[in-house]
$ cat model-v3.txt   # compact mmCIF, C-alpha atoms and all ligand atoms
# COMPACT_ATOMS: atom_id res chain seq x y z
CA MET Y 1 29.88 -3.98 82.99
CA SER Y 2 26.96 -3.45 80.55
CA GLY Y 3 25.37 -5.95 78.13
CA LEU Y 4 25.43 -8.82 80.59
CA VAL Y 5 22.82 -11.46 81.43
CA THR Y 6 22.75 -13.89 84.33
CA VAL Y 7 22.75 -17.63 83.63
CA ARG Y 8 22.79 -20.46 86.14
CA GLU Y 9 24.99 -23.57 85.82
CA GLY Y 10 24.75 -26.15 88.59
CA VAL Y 11 24.18 -23.97 91.67
CA THR Y 12 26.39 -21.14 90.40
CA ASP Y 13 25.13 -17.86 88.90
CA LEU Y 14 27.21 -16.32 86.15
CA LEU Y 15 27.11 -12.93 84.49
CA VAL Y 16 27.94 -13.52 80.84
CA PRO Y 17 27.89 -11.31 77.71
CA GLU Y 18 24.37 -10.92 76.34
CA GLY Y 19 25.29 -12.24 72.90
CA PHE Y 20 27.00 -15.35 74.19
CA SER Y 21 27.05 -18.36 71.93
CA ARG Y 22 24.11 -20.65 72.66
CA ARG Y 23 25.08 -23.37 70.18
CA GLY Y 24 28.17 -24.70 68.48
CA PRO Y 25 31.75 -24.70 69.66
CA GLY Y 26 31.75 -20.93 70.32
CA THR Y 27 33.36 -17.99 68.61
CA ARG Y 28 35.52 -15.06 69.57
CA THR Y 29 33.13 -12.11 69.44
CA GLY Y 30 35.31 -9.43 71.02
CA GLU Y 31 33.51 -10.05 74.31
CA VAL Y 32 34.53 -12.22 77.22
CA PHE Y 33 34.08 -15.79 76.06
CA TYR Y 34 31.25 -17.96 77.29
CA ASN Y 35 29.70 -21.03 75.64
CA ARG Y 36 26.62 -22.60 77.18
CA GLN Y 37 27.23 -25.78 75.18
CA MET Y 38 30.27 -26.48 77.35
CA GLU Y 39 28.08 -26.87 80.45
CA PHE Y 40 28.39 -30.67 80.18
CA GLY Y 41 32.21 -30.42 80.26
CA ARG Y 42 32.03 -28.08 83.26
CA ASP Y 43 29.62 -30.46 85.03
CA ILE Y 44 32.17 -33.22 84.49
CA SER Y 45 34.89 -30.90 85.88
CA VAL Y 46 32.80 -30.46 89.03
CA ILE Y 47 32.21 -34.22 89.38
CA PHE Y 48 35.92 -34.88 88.78
CA GLY Y 49 36.98 -32.19 91.26
CA ARG Y 50 34.77 -33.72 93.93
CA GLU Y 51 36.81 -36.94 93.56
CA VAL Y 52 40.28 -35.47 93.30
CA PHE Y 53 40.55 -32.07 95.03
CA ARG Y 54 41.54 -31.93 98.70
CA ASP Y 55 41.28 -29.27 101.42
CA GLY Y 56 44.22 -26.87 101.43
CA GLN Y 57 45.22 -27.45 97.81
CA ARG Y 58 45.96 -24.68 95.33
CA ILE Y 59 43.64 -24.95 92.32
CA LEU Y 60 43.99 -22.75 89.25
CA ASP Y 61 41.59 -22.12 86.36
CA GLY Y 62 44.33 -20.80 84.09
CA LEU Y 63 42.24 -19.55 81.13
CA ALA Y 64 39.11 -18.60 83.02
CA ALA Y 65 37.25 -16.02 80.82
CA THR Y 66 34.00 -15.39 82.81
CA GLY Y 67 35.33 -17.71 85.53
CA ALA Y 68 32.60 -20.25 84.74
CA ARG Y 69 34.68 -23.39 85.32
CA GLY Y 70 36.87 -22.22 88.20
CA LEU Y 71 34.01 -20.60 90.11
CA ARG Y 72 31.84 -23.67 89.68
CA MET Y 73 34.67 -25.85 90.99
CA ALA Y 74 35.09 -23.47 93.97
CA ASN Y 75 31.34 -23.39 94.63
CA GLU Y 76 30.32 -26.98 93.90
CA CYS Y 77 33.20 -29.37 94.69
CA GLY Y 78 32.79 -29.15 98.46
CA VAL Y 79 36.47 -28.69 99.32
CA ARG Y 80 38.14 -25.88 101.23
CA ALA Y 81 40.96 -25.28 98.80
CA ASP Y 82 42.57 -22.06 97.52
CA PHE Y 83 40.82 -21.47 94.21
CA GLU Y 84 42.44 -19.03 91.79
CA LEU Y 85 41.35 -17.73 88.38
CA ASN Y 86 43.49 -16.24 85.63
CA ASP Y 87 42.96 -14.60 82.25
CA ARG Y 88 45.25 -12.15 80.49
CA ASP Y 89 42.22 -10.17 79.23
CA LEU Y 90 41.46 -7.40 81.71
CA ARG Y 91 37.73 -7.42 80.82
CA ALA Y 92 37.66 -11.12 81.76
CA ALA Y 93 39.45 -10.47 85.06
CA VAL Y 94 36.91 -7.73 85.94
CA LEU Y 95 33.97 -9.97 85.03
CA MET Y 96 35.24 -13.01 86.94
CA LYS Y 97 35.70 -10.80 90.03
CA GLU Y 98 32.03 -9.74 89.70
CA ASN Y 99 31.02 -13.38 89.26
CA ALA Y 100 33.02 -14.42 92.33
CA GLU Y 101 31.21 -11.79 94.43
CA LEU Y 102 27.83 -12.77 92.97
CA ASN Y 103 28.36 -16.25 94.44
CA SER Y 104 29.86 -15.09 97.76
CA LEU Y 105 33.26 -16.34 96.60
CA GLY Y 106 35.07 -13.07 97.24
CA HIS Y 107 38.05 -15.03 98.64
CA VAL Y 108 38.81 -16.53 95.21
CA LYS Y 109 42.05 -14.96 93.97
CA ILE Y 110 42.03 -13.30 90.54
CA HIS Y 111 45.13 -12.99 88.32
CA CYS Y 112 45.38 -11.08 85.04
CA ARG Y 113 48.57 -12.54 83.58
CA ASP Y 114 49.86 -14.47 80.63
CA LEU Y 115 49.28 -18.01 81.88
CA ARG Y 116 52.80 -19.13 81.00
CA ALA Y 117 54.33 -16.33 83.09
CA LEU Y 118 52.11 -17.22 86.06
CA LEU Y 119 52.97 -20.92 85.78
CA ALA Y 120 56.69 -20.10 85.62
CA GLU Y 121 56.47 -18.40 89.02
CA GLU Y 122 53.91 -20.39 91.01
CA GLN Y 123 53.08 -24.02 91.82
CA PHE Y 124 49.61 -25.53 91.91
CA ASP Y 125 47.97 -28.86 92.75
CA TYR Y 126 45.51 -28.52 89.88
CA ILE Y 127 45.87 -26.46 86.71
CA ASP Y 128 43.03 -26.14 84.19
CA ILE Y 129 43.78 -25.13 80.61
CA ASP Y 130 40.75 -24.40 78.43
CA PRO Y 131 42.14 -22.66 75.35
CA PHE Y 132 40.80 -21.43 72.03
CA GLY Y 133 41.95 -24.42 69.92
CA SER Y 134 45.16 -26.14 70.92
CA PRO Y 135 46.57 -26.49 74.46
CA ALA Y 136 50.06 -27.23 73.04
CA ASP Y 137 51.50 -23.81 74.03
CA PHE Y 138 50.70 -24.32 77.70
CA ILE Y 139 51.46 -27.97 78.48
CA ASP Y 140 55.19 -27.57 79.08
CA ALA Y 141 54.63 -24.73 81.58
CA ALA Y 142 51.77 -26.64 83.24
CA VAL Y 143 53.67 -29.89 83.80
CA GLN Y 144 56.50 -27.88 85.40
CA SER Y 145 54.21 -25.84 87.63
CA CYS Y 146 52.15 -28.83 88.79
CA ARG Y 147 53.07 -30.17 92.22
CA ASN Y 148 54.06 -33.84 92.62
CA LYS Y 149 50.92 -36.03 92.27
CA GLY Y 150 48.92 -32.97 91.22
CA THR Y 151 46.71 -32.87 88.15
CA VAL Y 152 46.74 -30.98 84.86
CA GLY Y 153 43.36 -30.76 83.10
CA PHE Y 154 43.25 -29.48 79.54
CA ALA Y 155 40.90 -29.25 76.58
CA ALA Y 156 41.64 -29.22 72.85
CA THR Y 157 39.21 -27.99 70.21
CA ASP Y 158 41.62 -28.24 67.25
CA THR Y 159 39.91 -31.45 66.27
CA ALA Y 160 40.56 -31.43 62.49
CA PRO Y 161 44.35 -31.88 62.87
CA LEU Y 162 43.86 -34.49 65.59
CA TYR Y 163 41.14 -36.50 63.77
CA GLY Y 164 43.49 -36.90 60.80
CA THR Y 165 42.13 -34.24 58.42
CA TYR Y 166 45.39 -32.25 58.73
CA PRO Y 167 48.11 -34.71 59.76
CA LYS Y 168 50.92 -32.23 59.00
CA THR Y 169 49.42 -29.68 61.39
CA SER Y 170 49.22 -32.39 64.03
CA ALA Y 171 52.88 -33.28 63.36
CA ARG Y 172 53.98 -29.64 63.77
CA ARG Y 173 51.83 -28.94 66.83
CA TYR Y 174 52.11 -32.23 68.72
CA GLY Y 175 55.12 -33.95 67.12
CA ALA Y 176 52.77 -36.81 66.16
CA LEU Y 177 51.09 -37.80 62.92
CA SER Y 178 47.33 -38.18 63.03
CA MET Y 179 45.48 -40.61 60.75
CA ARG Y 180 42.10 -40.39 59.07
CA SER Y 181 40.18 -43.53 60.06
CA PRO Y 182 36.83 -44.61 61.54
CA PHE Y 183 38.49 -44.37 64.98
CA GLY Y 184 40.19 -40.99 64.38
CA HIS Y 185 38.63 -39.55 67.56
CA GLU Y 186 40.53 -42.10 69.60
CA THR Y 187 43.91 -41.62 67.92
CA GLY Y 188 43.41 -37.84 68.36
CA LEU Y 189 42.87 -38.22 72.09
CA ARG Y 190 45.83 -40.58 72.38
CA ILE Y 191 48.05 -38.10 70.48
CA LEU Y 192 47.20 -35.45 73.11
CA VAL Y 193 48.06 -37.77 76.01
CA GLY Y 194 51.26 -38.86 74.24
CA PHE Y 195 52.25 -35.22 73.74
CA ALA Y 196 51.77 -34.49 77.46
CA VAL Y 197 53.84 -37.59 78.34
CA ARG Y 198 56.75 -36.34 76.22
CA GLU Y 199 56.49 -32.79 77.59
CA ALA Y 200 56.53 -34.13 81.17
CA ALA Y 201 59.39 -36.56 80.49
CA LYS Y 202 61.68 -33.61 79.64
CA HIS Y 203 61.36 -32.64 83.31
CA ASP Y 204 61.77 -36.19 84.71
CA ARG Y 205 58.06 -36.51 85.41
CA GLY Y 206 55.62 -39.28 84.54
CA ILE Y 207 51.95 -39.05 83.58
CA GLU Y 208 48.94 -41.11 84.75
CA PRO Y 209 45.70 -40.50 82.84
CA LEU Y 210 42.82 -40.07 85.29
CA LEU Y 211 40.05 -39.16 82.86
CA CYS Y 212 40.50 -38.50 79.13
CA TYR Y 213 37.54 -38.26 76.81
CA HIS Y 214 36.04 -36.91 73.62
CA ALA Y 215 32.69 -35.09 73.57
CA ASP Y 216 30.88 -32.90 71.04
CA HIS Y 217 33.71 -31.06 69.26
CA TYR Y 218 36.48 -31.24 71.81
CA PHE Y 219 38.85 -33.47 73.74
CA ARG Y 220 39.50 -33.22 77.47
CA CYS Y 221 42.33 -34.83 79.47
CA TYR Y 222 42.89 -34.92 83.23
CA LEU Y 223 46.39 -36.22 83.90
CA ARG Y 224 48.21 -36.85 87.18
CA VAL Y 225 51.83 -35.68 87.14
CA VAL Y 226 54.30 -37.75 89.16
CA ASN Y 227 57.96 -36.95 89.93
CA GLY Y 228 60.83 -39.24 88.94
CA ALA Y 229 62.97 -40.12 85.94
CA GLY Y 230 61.83 -43.74 86.36
CA ARG Y 231 58.20 -42.64 86.20
CA ALA Y 232 58.97 -40.58 83.09
CA ASP Y 233 60.65 -43.60 81.44
CA ALA Y 234 57.73 -45.84 82.37
CA SER Y 235 55.26 -43.40 80.77
CA LEU Y 236 57.38 -43.13 77.62
CA GLN Y 237 57.35 -46.95 77.38
CA ILE Y 238 53.57 -46.83 76.89
CA LEU Y 239 53.85 -44.72 73.73
CA GLY Y 240 53.58 -46.42 70.36
CA HIS Y 241 52.09 -46.10 66.91
CA ALA Y 242 48.97 -47.30 65.13
CA GLY Y 243 48.08 -48.54 61.68
CA PHE Y 244 44.88 -49.40 59.83
CA ASP Y 245 43.79 -51.31 56.75
CA GLY Y 246 40.38 -50.17 55.52
CA ARG Y 247 39.85 -53.34 53.46
CA SER Y 248 40.42 -55.93 56.18
CA LEU Y 249 39.35 -53.49 58.97
CA GLU Y 250 42.48 -54.58 60.81
CA ARG Y 251 44.00 -52.10 63.27
CA TRP Y 252 47.39 -52.65 64.84
CA THR Y 253 49.54 -51.00 67.47
CA SER Y 254 52.68 -53.09 67.30
CA GLU Y 255 55.20 -53.52 64.54
CA GLU Y 256 54.53 -56.50 62.29
CA LYS Y 257 56.02 -57.33 58.92
CA GLY Y 258 54.37 -55.48 56.04
CA LYS Y 259 52.22 -53.34 58.34
CA LYS Y 260 52.66 -49.59 58.13
CA MET Y 261 52.59 -47.61 61.35
CA GLU Y 262 50.88 -44.40 60.28
CA ALA Y 263 49.73 -42.55 63.39
CA GLY Y 264 51.76 -41.58 66.40
CA PRO Y 265 53.41 -41.46 68.74
CA ILE Y 266 50.20 -42.13 70.67
CA TRP Y 267 49.49 -43.21 74.25
CA LEU Y 268 48.54 -46.92 74.22
CA GLY Y 269 47.63 -47.28 77.90
CA PRO Y 270 44.37 -46.74 79.79
CA LEU Y 271 42.62 -43.39 79.34
CA MET Y 272 40.81 -43.47 82.67
CA ALA Y 273 41.54 -44.50 86.26
CA LYS Y 274 39.04 -47.14 87.42
CA ASP Y 275 38.99 -46.02 91.07
CA ILE Y 276 37.94 -42.50 90.08
CA LEU Y 277 35.37 -43.73 87.55
CA ASN Y 278 33.82 -46.06 90.11
CA THR Y 279 33.08 -43.26 92.57
CA MET Y 280 32.11 -40.45 90.14
CA ARG Y 281 28.44 -39.52 90.65
CA ALA Y 282 26.16 -37.43 88.43
CA THR Y 283 24.24 -35.62 91.16
CA GLY Y 284 20.86 -33.98 90.51
CA ASP Y 285 22.14 -30.42 91.07
CA LEU Y 286 24.03 -30.53 87.75
CA GLY Y 287 22.26 -29.12 84.68
CA THR Y 288 23.33 -32.01 82.44
CA SER Y 289 23.03 -34.69 85.12
CA PRO Y 290 21.27 -37.32 82.91
CA ARG Y 291 23.91 -36.94 80.18
CA CYS Y 292 26.70 -37.13 82.79
CA ALA Y 293 25.20 -40.32 84.27
CA LYS Y 294 24.92 -42.01 80.85
CA THR Y 295 28.43 -40.98 79.84
CA ILE Y 296 30.02 -42.14 83.10
CA GLU Y 297 28.25 -45.49 82.63
CA THR Y 298 29.75 -45.87 79.14
CA TRP Y 299 33.23 -44.82 80.40
CA ARG Y 300 33.00 -47.52 83.08
CA GLU Y 301 32.00 -50.14 80.50
CA GLU Y 302 34.86 -49.34 78.16
CA SER Y 303 37.62 -48.79 80.71
CA GLY Y 304 40.13 -51.61 80.49
CA MET Y 305 39.28 -52.34 76.84
CA PRO Y 306 42.12 -52.28 74.29
CA PRO Y 307 42.72 -49.24 72.05
CA LEU Y 308 41.09 -48.51 68.68
CA PHE Y 309 37.35 -49.01 68.48
CA TYR Y 310 35.26 -50.33 65.56
CA VAL Y 311 32.16 -48.74 64.06
CA MET Y 312 29.09 -50.80 63.13
CA ASP Y 313 28.94 -49.07 59.72
CA GLU Y 314 32.38 -50.48 58.83
CA LEU Y 315 31.16 -53.99 59.59
CA ALA Y 316 27.90 -53.43 57.70
CA LYS Y 317 29.74 -52.12 54.64
CA LYS Y 318 32.28 -54.92 54.71
CA THR Y 319 29.71 -57.72 55.06
CA LYS Y 320 26.84 -56.00 53.17
CA LEU Y 321 24.61 -56.92 56.11
CA SER Y 322 22.66 -54.13 57.78
CA PRO Y 323 23.74 -53.37 61.34
CA PRO Y 324 21.92 -55.01 64.26
CA LYS Y 325 21.28 -53.06 67.46
CA LEU Y 326 24.66 -52.21 68.95
CA SER Y 327 23.87 -53.33 72.50
CA ASP Y 328 22.54 -56.68 71.20
CA PHE Y 329 25.72 -57.29 69.23
CA VAL Y 330 27.93 -56.35 72.21
CA ASP Y 331 25.98 -58.83 74.38
CA PHE Y 332 26.33 -61.48 71.67
CA LEU Y 333 30.12 -61.00 71.55
CA LYS Y 334 30.30 -61.36 75.33
CA ASP Y 335 28.19 -64.55 75.14
CA GLN Y 336 30.77 -65.90 72.68
CA GLY Y 337 33.48 -65.35 75.31
CA ALA Y 338 34.95 -62.14 73.87
CA LYS Y 339 35.47 -58.91 75.76
CA ALA Y 340 33.24 -56.21 74.28
CA SER Y 341 31.74 -52.86 75.20
CA ARG Y 342 30.19 -49.73 73.78
CA THR Y 343 32.46 -46.68 73.58
CA HIS Y 344 31.85 -43.01 74.32
CA PHE Y 345 33.80 -42.09 71.18
CA ASP Y 346 30.92 -42.97 68.85
CA PRO Y 347 27.27 -43.92 69.39
CA LYS Y 348 27.77 -46.66 66.78
CA GLY Y 349 31.17 -47.70 68.11
CA LEU Y 350 32.29 -50.81 69.96
CA LYS Y 351 35.47 -52.05 71.58
CA THR Y 352 36.58 -55.66 71.66
CA ASN Y 353 39.68 -57.75 72.27
CA ILE Y 354 39.13 -60.06 69.27
CA SER Y 355 40.80 -59.56 65.87
CA ALA Y 356 39.08 -57.80 62.96
CA LYS Y 357 38.83 -61.15 61.18
CA ASP Y 358 37.04 -62.78 64.12
CA LEU Y 359 34.83 -59.74 64.61
CA ILE Y 360 33.67 -59.85 60.99
CA ARG Y 361 32.90 -63.57 61.36
CA GLU Y 362 30.86 -62.95 64.53
CA TYR Y 363 29.08 -60.02 62.91
CA LYS Y 364 28.02 -62.17 59.94
CA ALA Y 365 26.80 -64.92 62.24
CA PHE Y 366 24.80 -62.49 64.37
CA ALA Y 367 23.37 -60.36 61.53
CA LYS Y 368 22.22 -63.46 59.64
CA ARG Y 369 20.60 -64.90 62.76
CA LYS Y 370 18.67 -61.65 63.21
CA ARG Y 371 17.22 -61.69 59.67
C1 LIG N 401 38.06 -20.63 75.62
S1 LIG N 401 38.26 -19.29 76.72
C2 LIG N 401 38.08 -20.03 78.32
C3 LIG N 401 36.69 -20.46 78.64
C4 LIG N 401 36.41 -20.75 80.08
N1 LIG N 401 37.37 -21.66 80.69
C5 LIG N 401 34.98 -21.30 80.28
O1 LIG N 401 34.81 -22.46 80.76
O2 LIG N 401 34.05 -20.59 79.95
C6 LIG N 401 39.99 -18.98 76.63
C7 LIG N 401 40.46 -17.78 77.44
O3 LIG N 401 41.88 -17.81 77.48
C8 LIG N 401 42.37 -16.48 77.52
N2 LIG N 401 43.78 -16.54 77.08
C9 LIG N 401 44.24 -16.88 75.85
N3 LIG N 401 45.60 -16.93 75.86
C10 LIG N 401 46.00 -16.63 77.15
C11 LIG N 401 47.26 -16.57 77.78
N4 LIG N 401 48.39 -16.80 77.11
N5 LIG N 401 47.29 -16.29 79.10
C12 LIG N 401 46.15 -16.03 79.80
N6 LIG N 401 44.92 -16.07 79.22
C13 LIG N 401 44.84 -16.38 77.91
C14 LIG N 401 41.43 -15.70 76.62
O4 LIG N 401 41.43 -14.32 76.97
C15 LIG N 401 40.08 -16.42 76.88
O5 LIG N 401 39.32 -15.69 77.81

$ encode --input "model-v3.txt" --output "C-alpha cells"
Amino acid sequence: MSGLVTVREGVTDLLVPEGFSRRGPGTRTGEVFYNRQMEFGRDISVIFGREVFRDGQRILDGLAATGARGLRMANECGVRADFELNDRDLRAAVLMKENAELNSLGHVKIHCRDLRALLAEEQFDYIDIDPFGSPADFIDAAVQSCRNKGTVGFAATDTAPLYGTYPKTSARRYGALSMRSPFGHETGLRILVGFAVREAAKHDRGIEPLLCYHADHYFRCYLRVVNGAGRADASLQILGHAGFDGRSLERWTSEEKGKKMEAGPIWLGPLMAKDILNTMRATGDLGTSPRCAKTIETWREESGMPPLFYVMDELAKKTKLSPPKLSDFVDFLKDQGAKASRTHFDPKGLKTNISAKDLIREYKAFAKRKR
C-alpha cells in the first residue's frame, strides 16, 4: 500500500496513512482511519487488558481500521489469547494484515465483515467497539455475542448529544434525555452505561462497570456482562434520573417534591471496579505513561464517590469569592469530616458527599480564610 508512514505506539510499530490526523478528534479522509491523539486511550486499553484478559480467551477489535488498538493489545498485554481484528473496509483489512506481520503477529486473525454480522455468528470474551461517533448501533449485538463474564469495551465521540447540547438526539439514540449542566460530562457517561444496561437486560444479562471514563472529546466504557435475569433486574434497579438547579447548585438523583428529574435514565452506580483500579499500572513502555499514571491516580481518588460533581467556577460565581486551589479545598473538606476528591471529568471539578448548601458554606469559610 502506498502513502504510508510508520509510527510507534508503546512497543508496536504501525503503518498508517501519511496524512493521518495529528491533532483533534480525527476526520474521515477517505483513507484508513488513524488518530495519534487517541494513543492515550489505546495505552489505557493495554493497561486494562493486562488486568482483565486471560490466556485462551477470544478477543476482538471489532472496528479495527489500521489495527492499532487490537494489535497493541495482542503485542503488549502479555496474554496468550486468540486476538482477532475486524473492519468492513477492505483497505483496512489489508493494512491491518500488513501491520500484524510487521509486529510478528501473523497469527492474529483478520475479518472483513460488517461487525453486526460477525457478532451474530461468533462469541467472544472481549469485544472492542471504537466507532465514528455513536456506538449505539453495535451494543445490542455486542452484549449478545459476549460470553458470560466477558467484557464489552466501547467508545463514543458523539459528545454534543450526550453533554446536553442536543437532548433530543440523545433521546432518539440512547432512549435517555441528556441535560446541559456543569456536570454534563458525567451525565453523558452515565447515559451510555444506562443504555448498555437496558440493551443487556433484553437478553437477561446484567452489567458491571469495570472502567468508564471521559477524556479529551470522547467517552469510553468497559463493562462486564453477566448472565441471569436476576442480574439484569439488579442492574436495571441502579438506573435513575438526575436534576439540577443552577441557582442553588443543588443536584439530585431521587424523586423529591417540586424537583424536576430532567436527565435520564442514567446509571447511578459506580463507574469503576476498585480491584481493577488498584492493580492498574502505567508502565514506562507506554507513550503516554505519565498521563496514564496521573489519570489512574485521580480515578482511584474519586472511585466510591457519589454521582454528579461540582465545578469550582460554580462556587466562585455563586459566592463571588475567587476560587482557592482545588487540592487545598478538597483537603479542607476532608478535614471538616466530609468525603471529597478531585474528579477526572474536569480539572476544576470536585466530588463530595455533602449537600450543595453545605458545600457553599464550606467554600465561603475556606475562601475567606485564604484572603
Ligand atoms: C474510528 S475507526 C476505528 C479506529 C481504530 N479502532 C483505532 O484505534 O485506530 C472506525 C472503523 O470502523 C469501521 N466500520 C464502521 N462501520 C462498520 C461496521 N458496521 N462493521 C465493520 N466495520 C465498520 C470503519 O471502516 C473504520 O475503519

$ residues_near_ligand --input "model-v3.txt" --ligand "ligand LIG 401 (chain N)" --cutoff "8 Å" --atoms "only C-alpha atoms and all ligand atoms" --output "PyMOL selection string"
chain Y and resi 32-35+38+42+61-70+86-89+92+112-116+129-133+138

$ closest_residue --input "model-v3.txt" --among "Y:Tyr213, Y:Tyr218, Y:Phe329, Y:Tyr310" --to "Arg251 (chain Y)" --atoms "all atoms listed in the file"
Y:Tyr310

$ closest_residue --input "model-v3.txt" --among "Y:Gln123, Y:Ser235, Y:Thr279, Y:Ser289" --to "Asp43 (chain Y)" --atoms "all atoms listed in the file"
Y:Ser289

$ atom_distance --input "model-v3.txt" --atom1 "CA of Ile127 (chain Y)" --atom2 "CA of Ala142 (chain Y)"
6.8 Å

$ residues_around --input "model-v3.txt" --residues "Ala200 (chain Y)" --least-positions-apart "6" --cutoff "9 Å" --atoms "all atoms listed in the file" --output "ChimeraX atom specification"
/Y:139-140,143-144,206-207,225,232
